[in-house]
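start.cif follows; it contains mmCIF, C-alpha atoms.
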data_input
loop_
_atom_site.group_PDB
_atom_site.id
_atom_site.type_symbol
_atom_site.label_atom_id
_atom_site.label_comp_id
_atom_site.auth_asym_id
_atom_site.auth_seq_id
_atom_site.Cartn_x
_atom_site.Cartn_y
_atom_site.Cartn_z
ATOM 1 C CA MET J 220 0.000 0.000 0.000
ATOM 2 C CA LEU J 221 1.237 3.441 -0.895
ATOM 3 C CA ILE J 222 1.056 5.927 1.976
ATOM 4 C CA ALA J 223 1.901 9.559 2.599
ATOM 5 C CA VAL J 224 5.087 10.317 4.536
ATOM 6 C CA GLY J 225 3.066 11.970 7.292
ATOM 7 C CA GLU J 226 0.932 8.854 7.797
ATOM 8 C CA TRP J 227 3.662 6.604 9.232
ATOM 9 C CA LYS J 228 3.021 7.637 12.857
ATOM 10 C CA ARG J 229 -0.741 7.150 12.598
ATOM 11 C CA LEU J 230 -0.236 3.764 10.930
ATOM 12 C CA GLU J 231 2.187 2.702 13.664
ATOM 13 C CA THR J 232 -0.359 3.669 16.337
ATOM 14 C CA VAL J 233 -3.211 1.784 14.643
ATOM 15 C CA LEU J 234 -1.085 -1.350 14.288
ATOM 16 C CA GLN J 235 0.179 -1.162 17.873
ATOM 17 C CA GLU J 236 -3.423 -1.028 19.091
ATOM 18 C CA ASN J 237 -4.440 -4.016 16.974
ATOM 19 C CA PRO J 238 -3.699 -7.322 18.740
ATOM 20 C CA LYS J 239 -3.841 -9.133 15.389
ATOM 21 C CA ALA J 240 -1.007 -7.094 13.850
ATOM 22 C CA THR J 241 2.735 -7.079 14.368
ATOM 23 C CA PRO J 242 4.657 -3.785 14.678
ATOM 24 C CA LEU J 243 5.987 -2.250 11.474
ATOM 25 C CA GLU J 244 9.421 -3.494 10.462
ATOM 26 C CA PRO J 245 11.958 -2.133 9.924
ATOM 27 C CA PHE J 246 11.422 0.696 12.382
ATOM 28 C CA SER J 247 12.147 3.347 9.743
ATOM 29 C CA GLY J 248 12.586 3.674 6.006
ATOM 30 C CA THR J 249 10.411 4.007 2.937
ATOM 31 C CA ILE J 250 9.236 0.367 2.763
ATOM 32 C CA ARG J 251 7.950 -1.226 5.938
ATOM 33 C CA GLY J 252 5.793 -4.242 6.618
ATOM 34 C CA THR J 253 3.550 -5.968 9.110
ATOM 35 C CA ARG J 254 1.807 -9.301 9.492
ATOM 36 C CA LEU J 255 -1.921 -9.279 10.116
ATOM 37 C CA SER J 256 -3.945 -12.253 11.346
ATOM 38 C CA LEU J 257 -7.339 -12.734 9.733
ATOM 39 C CA GLY J 258 -9.054 -15.803 11.127
ATOM 40 C CA THR J 259 -6.575 -18.631 10.686
ATOM 41 C CA ALA J 260 -4.609 -16.851 7.969
ATOM 42 C CA ALA J 261 -1.644 -14.550 8.401
ATOM 43 C CA ILE J 262 -1.231 -11.903 5.705
ATOM 44 C CA ASP J 263 1.928 -9.930 5.008
ATOM 45 C CA LEU J 264 1.271 -6.258 4.207
ATOM 46 C CA GLU J 265 3.826 -3.845 2.828
ATOM 47 C CA PHE J 266 3.508 -0.092 3.099
ATOM 48 C CA ILE J 267 5.504 2.065 0.724
ATOM 49 C CA SER J 268 6.144 5.764 1.078
ATOM 50 C CA GLY J 269 5.686 7.764 -2.111
ATOM 51 C CA GLU J 270 8.860 9.692 -1.349
ATOM 52 C CA PRO J 271 11.290 7.628 -3.502
ATOM 53 C CA PHE J 272 9.043 8.112 -6.531
ATOM 54 C CA ALA J 273 8.517 11.871 -6.279
ATOM 55 C CA GLY J 274 11.693 12.704 -8.225
ATOM 56 C CA THR J 275 12.368 16.429 -7.989
ATOM 57 C CA LYS J 276 9.035 17.216 -6.286
ATOM 58 C CA ASP J 277 8.029 17.110 -2.606
ATOM 59 C CA ALA J 278 7.667 13.732 -0.919
ATOM 60 C CA ASP J 279 3.876 13.379 -0.976
ATOM 61 C CA SER J 280 3.341 14.780 -4.472
ATOM 62 C CA PHE J 281 3.576 11.286 -5.960
ATOM 63 C CA ILE J 282 0.581 10.043 -3.973
ATOM 64 C CA GLU J 283 -1.416 13.146 -4.843
ATOM 65 C CA TYR J 284 -0.590 12.700 -8.545
ATOM 66 C CA VAL J 285 -1.512 9.006 -8.554
ATOM 67 C CA ARG J 286 -4.822 9.669 -6.826
ATOM 68 C CA ALA J 287 -5.701 12.555 -9.142
ATOM 69 C CA TYR J 288 -4.528 11.246 -12.509
ATOM 70 C CA ARG J 289 -3.311 7.656 -12.539
ATOM 71 C CA SER J 290 -5.705 5.522 -10.511
ATOM 72 C CA GLU J 291 -9.271 4.301 -10.240
ATOM 73 C CA ARG J 292 -11.254 4.583 -7.047
ATOM 74 C CA HIS J 293 -13.549 1.770 -5.975
ATOM 75 C CA ARG J 294 -15.304 1.716 -2.592
ATOM 76 C CA GLY J 295 -12.945 4.330 -1.219
ATOM 77 C CA VAL J 296 -9.775 2.520 -2.283
ATOM 78 C CA TYR J 297 -7.477 3.862 -5.007
ATOM 79 C CA TYR J 298 -6.086 1.312 -7.452
ATOM 80 C CA ALA J 299 -3.027 2.530 -9.341
ATOM 81 C CA SER J 300 -2.822 2.070 -13.090
ATOM 82 C CA PRO J 301 -0.275 -0.366 -14.553
ATOM 83 C CA ALA J 302 1.794 2.655 -15.677
ATOM 84 C CA VAL J 303 2.212 3.692 -12.031
ATOM 85 C CA VAL J 304 3.295 0.206 -11.013
ATOM 86 C CA TRP J 305 5.819 0.045 -13.848
ATOM 87 C CA TYR J 306 7.088 3.552 -13.055
ATOM 88 C CA MET J 307 7.634 2.518 -9.441
ATOM 89 C CA ARG J 308 9.449 -0.632 -10.543
ATOM 90 C CA LEU J 309 11.739 1.316 -12.859
ATOM 91 C CA SER J 310 12.374 3.992 -10.215
ATOM 92 C CA ILE J 311 14.044 1.718 -7.665
ATOM 93 C CA ASP J 312 17.663 2.720 -8.200
ATOM 94 C CA ASP J 313 19.414 -0.338 -6.797
ATOM 95 C CA HIS J 314 17.015 -3.009 -8.037
ATOM 96 C CA TRP J 315 15.083 -1.812 -11.071
ATOM 97 C CA GLU J 316 16.627 -4.450 -13.378
ATOM 98 C CA GLN J 317 14.960 -7.266 -11.445
ATOM 99 C CA TYR J 318 11.544 -5.800 -12.295
ATOM 100 C CA VAL J 319 12.033 -5.853 -16.076
ATOM 101 C CA SER J 320 10.900 -9.489 -16.163
ATOM 102 C CA LYS J 321 7.747 -8.563 -14.231
ATOM 103 C CA ILE J 322 6.940 -5.844 -16.757
ATOM 104 C CA ARG J 323 7.498 -8.365 -19.558
ATOM 105 C CA ARG J 324 5.187 -10.803 -17.761
ATOM 106 C CA ASP J 325 2.498 -8.111 -17.549
ATOM 107 C CA ILE J 326 2.809 -7.409 -21.271
ATOM 108 C CA VAL J 327 2.563 -11.116 -22.103
ATOM 109 C CA ALA J 328 -0.558 -11.227 -19.890
ATOM 110 C CA GLY J 329 -2.186 -8.442 -21.909
ATOM 111 C CA VAL J 330 -1.115 -5.041 -20.576
ATOM 112 C CA PRO J 331 -0.354 -3.011 -23.720
ATOM 113 C CA GLU J 332 3.305 -2.270 -24.385
ATOM 114 C CA SER J 333 2.191 1.293 -25.106
ATOM 115 C CA THR J 334 1.788 1.645 -21.321
ATOM 116 C CA LEU J 335 5.512 2.397 -21.375
ATOM 117 C CA GLU J 336 4.669 5.783 -22.931
ATOM 118 C CA ALA J 337 2.582 6.628 -19.858
ATOM 119 C CA VAL J 338 5.509 5.513 -17.670
ATOM 120 C CA LYS J 339 7.702 8.038 -19.497
ATOM 121 C CA ALA J 340 5.068 10.744 -18.994
ATOM 122 C CA ILE J 341 5.044 10.046 -15.253
ATOM 123 C CA GLY J 342 8.841 10.272 -15.201
ATOM 124 C CA ASP J 343 8.690 13.574 -17.066
ATOM 125 C CA HIS J 344 6.149 14.913 -14.581
ATOM 126 C CA PHE J 345 8.510 14.159 -11.698
ATOM 127 C CA GLY J 346 11.636 15.450 -13.438
ATOM 128 C CA VAL J 347 13.250 12.042 -13.979
ATOM 129 C CA GLY J 348 12.105 11.361 -17.535
ATOM 130 C CA ASP J 349 15.599 10.859 -18.962
ATOM 131 C CA ARG J 350 16.490 8.231 -16.366
ATOM 132 C CA ILE J 351 13.152 6.451 -16.821
ATOM 133 C CA GLN J 352 13.481 6.609 -20.625
ATOM 134 C CA ALA J 353 16.858 4.855 -20.431
ATOM 135 C CA ARG J 354 15.317 2.109 -18.322
ATOM 136 C CA ILE J 355 12.346 1.819 -20.688
ATOM 137 C CA GLY J 356 14.948 1.244 -23.401
ATOM 138 C CA GLU J 357 16.207 -1.750 -21.439
ATOM 139 C CA VAL J 358 12.645 -3.069 -21.122
ATOM 140 C CA ARG J 359 12.096 -2.730 -24.879
ATOM 141 C CA GLU J 360 15.405 -4.478 -25.586
ATOM 142 C CA THR J 361 14.411 -7.361 -23.321
ATOM 143 C CA LEU J 362 11.054 -7.607 -25.090
ATOM 144 C CA ARG J 363 12.820 -7.601 -28.464
ATOM 145 C CA LEU J 364 15.218 -10.352 -27.366
ATOM 146 C CA PHE J 365 12.413 -12.577 -26.087
ATOM 147 C CA ASP J 366 10.394 -11.919 -29.237
ATOM 148 C CA ALA J 367 13.390 -12.870 -31.410
ATOM 149 C CA ARG J 368 13.899 -16.090 -29.418
ATOM 150 C CA GLY J 369 10.237 -16.986 -29.867
ATOM 151 C CA LYS J 370 10.500 -16.635 -33.660
ATOM 152 C CA SER J 371 13.545 -18.876 -34.049
#

How would this structure read if it were set down as structure tokens?
Amino acid sequence: MLIAVGEWKRLETVLQENPKATPLEPFSGTIRGTRLSLGTAAIDLEFISGEPFAGTKDADSFIEYVRAYRSERHRGVYYASPAVVWYMRLSIDDHWEQYVSKIRRDIVAGVPESTLEAVKAIGDHFGVGDRIQARIGEVRETLRLFDARGKS
């Protein structure tokens, strides 16, 4: 779940008061998780701050942008578009390469490759379009390589 930077404290308090939830771990950072018991099942939940994805803008601007322009709302819950998910995957500086295969999987499953254009637009909005474009190039090259292997 994507949350605003200012919501960490409130989230910590809610989880501490819930006997079916574990405290957030790690104790700081932009990605933190908990385990929630629902009946006999235990569910892992991850909470992600929008800060790493805001590029040159303020920390919470990414969440505001996603809610306003790149998501659908259903029963009070915002669901981010595939372009947002791919943008987030390509924005992770130390690990973005590992997500290229997930983007390829999404395309094979039916998400249009043209979604990459929306990913570039998001990058441009946050002032990191050149970096994102370079990574999109790697995605396209991977797609081309897999396509070439499938034709041989």

task: Using the chain letters and numbering of this document, enumerate as number ranges by chain the residues selected by the PyMOL selection byres ((chain J and resi 311-323) around 12).
output: J: 249-250, 267, 269-274, 301-310, 324-335, 338, 347, 350-351, 353-366

message: Between J:Gly248, J:Gly258, J:Gly346, J:Pro242, which residue has the minimum interatomic distance to Val224 of chain J, considering all atoms listed in the file?
response: J:Gly248

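Note that atom CA of Val233 of chain J and atom CA of Ser256 of chain J are 14.4 Å apart.
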
- prompt: What does the distance from atom CA of Val296 of chain J to atom CA of Glu283 of chain J come to in Å, to one decimal?
  reply: 13.8 Å

statement: The residue from J:Gly342, J:Pro245, J:Gly252, J:Pro238 with the smallest atom-to-atom distance to Tyr284 of chain J, counting only C-alpha atoms, is J:Gly342

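Atom pair atom CA of Lys228 of chain J / atom CA of Ser280 of chain J has a distance of 18.7 Å (rounded to one decimal).
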
field: Residues matched by the PyMOL selection byres ((chain J and resi 286) around 12) as a ChimeraX atom specification
entry: /J:221-223,269,279-285,287-293,295-300,303

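The list of residues with at least one atom within 12 Å of Glu231 of chain J, based on all atoms listed in the file and without residues fewer than 2 positions apart in the same chain, reads Gly225, Glu226, Trp227, Lys228, Arg229, Val233, Leu234, Gln235, Glu236, Asn237, Ala240, Thr241, Pro242, Leu243, Glu244, Pro245, Phe246, Ser247, Arg251, Gly252, Thr253 and Phe266 of chain J.
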
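The shortest atom-to-atom distance to Asp343 of chain J, with all atoms listed in the file taken into account, belongs to J:Lys276 out of J:Lys276, J:Thr232, J:Met220, J:Arg254.
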
Where atoms are lacking, segment 227-247 of chain J completed to N, CA and C atoms, as a PDB file, in the frame of the given file:
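Now in result.pdb:
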ATOM      1  N   TRP J 227       2.960   7.689   8.557  1.00  0.00           N
ATOM      2  CA  TRP J 227       3.662   6.604   9.232  1.00  0.00           C
ATOM      3  C   TRP J 227       3.279   6.514  10.715  1.00  0.00           C
ATOM      4  N   LYS J 228       3.283   7.643  11.410  1.00  0.00           N
ATOM      5  CA  LYS J 228       3.021   7.637  12.857  1.00  0.00           C
ATOM      6  C   LYS J 228       1.615   7.110  13.143  1.00  0.00           C
ATOM      7  N   ARG J 229       0.630   7.610  12.400  1.00  0.00           N
ATOM      8  CA  ARG J 229      -0.741   7.150  12.598  1.00  0.00           C
ATOM      9  C   ARG J 229      -0.863   5.651  12.319  1.00  0.00           C
ATOM     10  N   LEU J 230      -0.213   5.186  11.257  1.00  0.00           N
ATOM     11  CA  LEU J 230      -0.236   3.764  10.930  1.00  0.00           C
ATOM     12  C   LEU J 230       0.401   2.937  12.043  1.00  0.00           C
ATOM     13  N   GLU J 231       1.530   3.405  12.553  1.00  0.00           N
ATOM     14  CA  GLU J 231       2.187   2.702  13.664  1.00  0.00           C
ATOM     15  C   GLU J 231       1.249   2.580  14.857  1.00  0.00           C
ATOM     16  N   THR J 232       0.560   3.663  15.195  1.00  0.00           N
ATOM     17  CA  THR J 232      -0.359   3.669  16.337  1.00  0.00           C
ATOM     18  C   THR J 232      -1.500   2.687  16.125  1.00  0.00           C
ATOM     19  N   VAL J 233      -2.096   2.703  14.943  1.00  0.00           N
ATOM     20  CA  VAL J 233      -3.211   1.784  14.643  1.00  0.00           C
ATOM     21  C   VAL J 233      -2.751   0.338  14.766  1.00  0.00           C
ATOM     22  N   LEU J 234      -1.580   0.025  14.232  1.00  0.00           N
ATOM     23  CA  LEU J 234      -1.085  -1.350  14.288  1.00  0.00           C
ATOM     24  C   LEU J 234      -0.717  -1.762  15.713  1.00  0.00           C
ATOM     25  N   GLN J 235      -0.171  -0.844  16.490  1.00  0.00           N
ATOM     26  CA  GLN J 235       0.179  -1.162  17.873  1.00  0.00           C
ATOM     27  C   GLN J 235      -1.064  -1.467  18.699  1.00  0.00           C
ATOM     28  N   GLU J 236      -2.171  -0.824  18.354  1.00  0.00           N
ATOM     29  CA  GLU J 236      -3.423  -1.028  19.091  1.00  0.00           C
ATOM     30  C   GLU J 236      -4.184  -2.260  18.612  1.00  0.00           C
ATOM     31  N   ASN J 237      -3.760  -2.852  17.515  1.00  0.00           N
ATOM     32  CA  ASN J 237      -4.440  -4.016  16.974  1.00  0.00           C
ATOM     33  C   ASN J 237      -3.714  -5.284  17.422  1.00  0.00           C
ATOM     34  N   PRO J 238      -4.369  -6.120  18.252  1.00  0.00           N
ATOM     35  CA  PRO J 238      -3.699  -7.322  18.740  1.00  0.00           C
ATOM     36  C   PRO J 238      -3.428  -8.359  17.640  1.00  0.00           C
ATOM     37  N   LYS J 239      -4.036  -8.179  16.483  1.00  0.00           N
ATOM     38  CA  LYS J 239      -3.841  -9.133  15.389  1.00  0.00           C
ATOM     39  C   LYS J 239      -2.742  -8.704  14.427  1.00  0.00           C
ATOM     40  N   ALA J 240      -2.051  -7.604  14.736  1.00  0.00           N
ATOM     41  CA  ALA J 240      -1.007  -7.094  13.850  1.00  0.00           C
ATOM     42  C   ALA J 240       0.328  -7.019  14.578  1.00  0.00           C
ATOM     43  N   THR J 241       1.389  -7.244  13.819  1.00  0.00           N
ATOM     44  CA  THR J 241       2.735  -7.079  14.368  1.00  0.00           C
ATOM     45  C   THR J 241       3.177  -5.636  14.135  1.00  0.00           C
ATOM     46  N   PRO J 242       4.143  -5.146  14.913  1.00  0.00           N
ATOM     47  CA  PRO J 242       4.657  -3.785  14.678  1.00  0.00           C
ATOM     48  C   PRO J 242       5.300  -3.680  13.289  1.00  0.00           C
ATOM     49  N   LEU J 243       5.334  -2.471  12.760  1.00  0.00           N
ATOM     50  CA  LEU J 243       5.987  -2.250  11.474  1.00  0.00           C
ATOM     51  C   LEU J 243       7.473  -2.565  11.572  1.00  0.00           C
ATOM     52  N   GLU J 244       7.994  -3.204  10.540  1.00  0.00           N
ATOM     53  CA  GLU J 244       9.421  -3.494  10.462  1.00  0.00           C
ATOM     54  C   GLU J 244       9.901  -3.132   9.072  1.00  0.00           C
ATOM     55  N   PRO J 245      11.091  -2.648   8.869  1.00  0.00           N
ATOM     56  CA  PRO J 245      11.958  -2.133   9.924  1.00  0.00           C
ATOM     57  C   PRO J 245      11.323  -0.912  10.588  1.00  0.00           C
ATOM     58  N   PHE J 246      11.995  -0.389  11.579  1.00  0.00           N
ATOM     59  CA  PHE J 246      11.422   0.696  12.382  1.00  0.00           C
ATOM     60  C   PHE J 246      11.465   2.057  11.680  1.00  0.00           C
ATOM     61  N   SER J 247      12.141   2.125  10.549  1.00  0.00           N
ATOM     62  CA  SER J 247      12.147   3.347   9.743  1.00  0.00           C
ATOM     63  C   SER J 247      12.422   2.959   8.300  1.00  0.00           C
TER      64      SER J 247
END
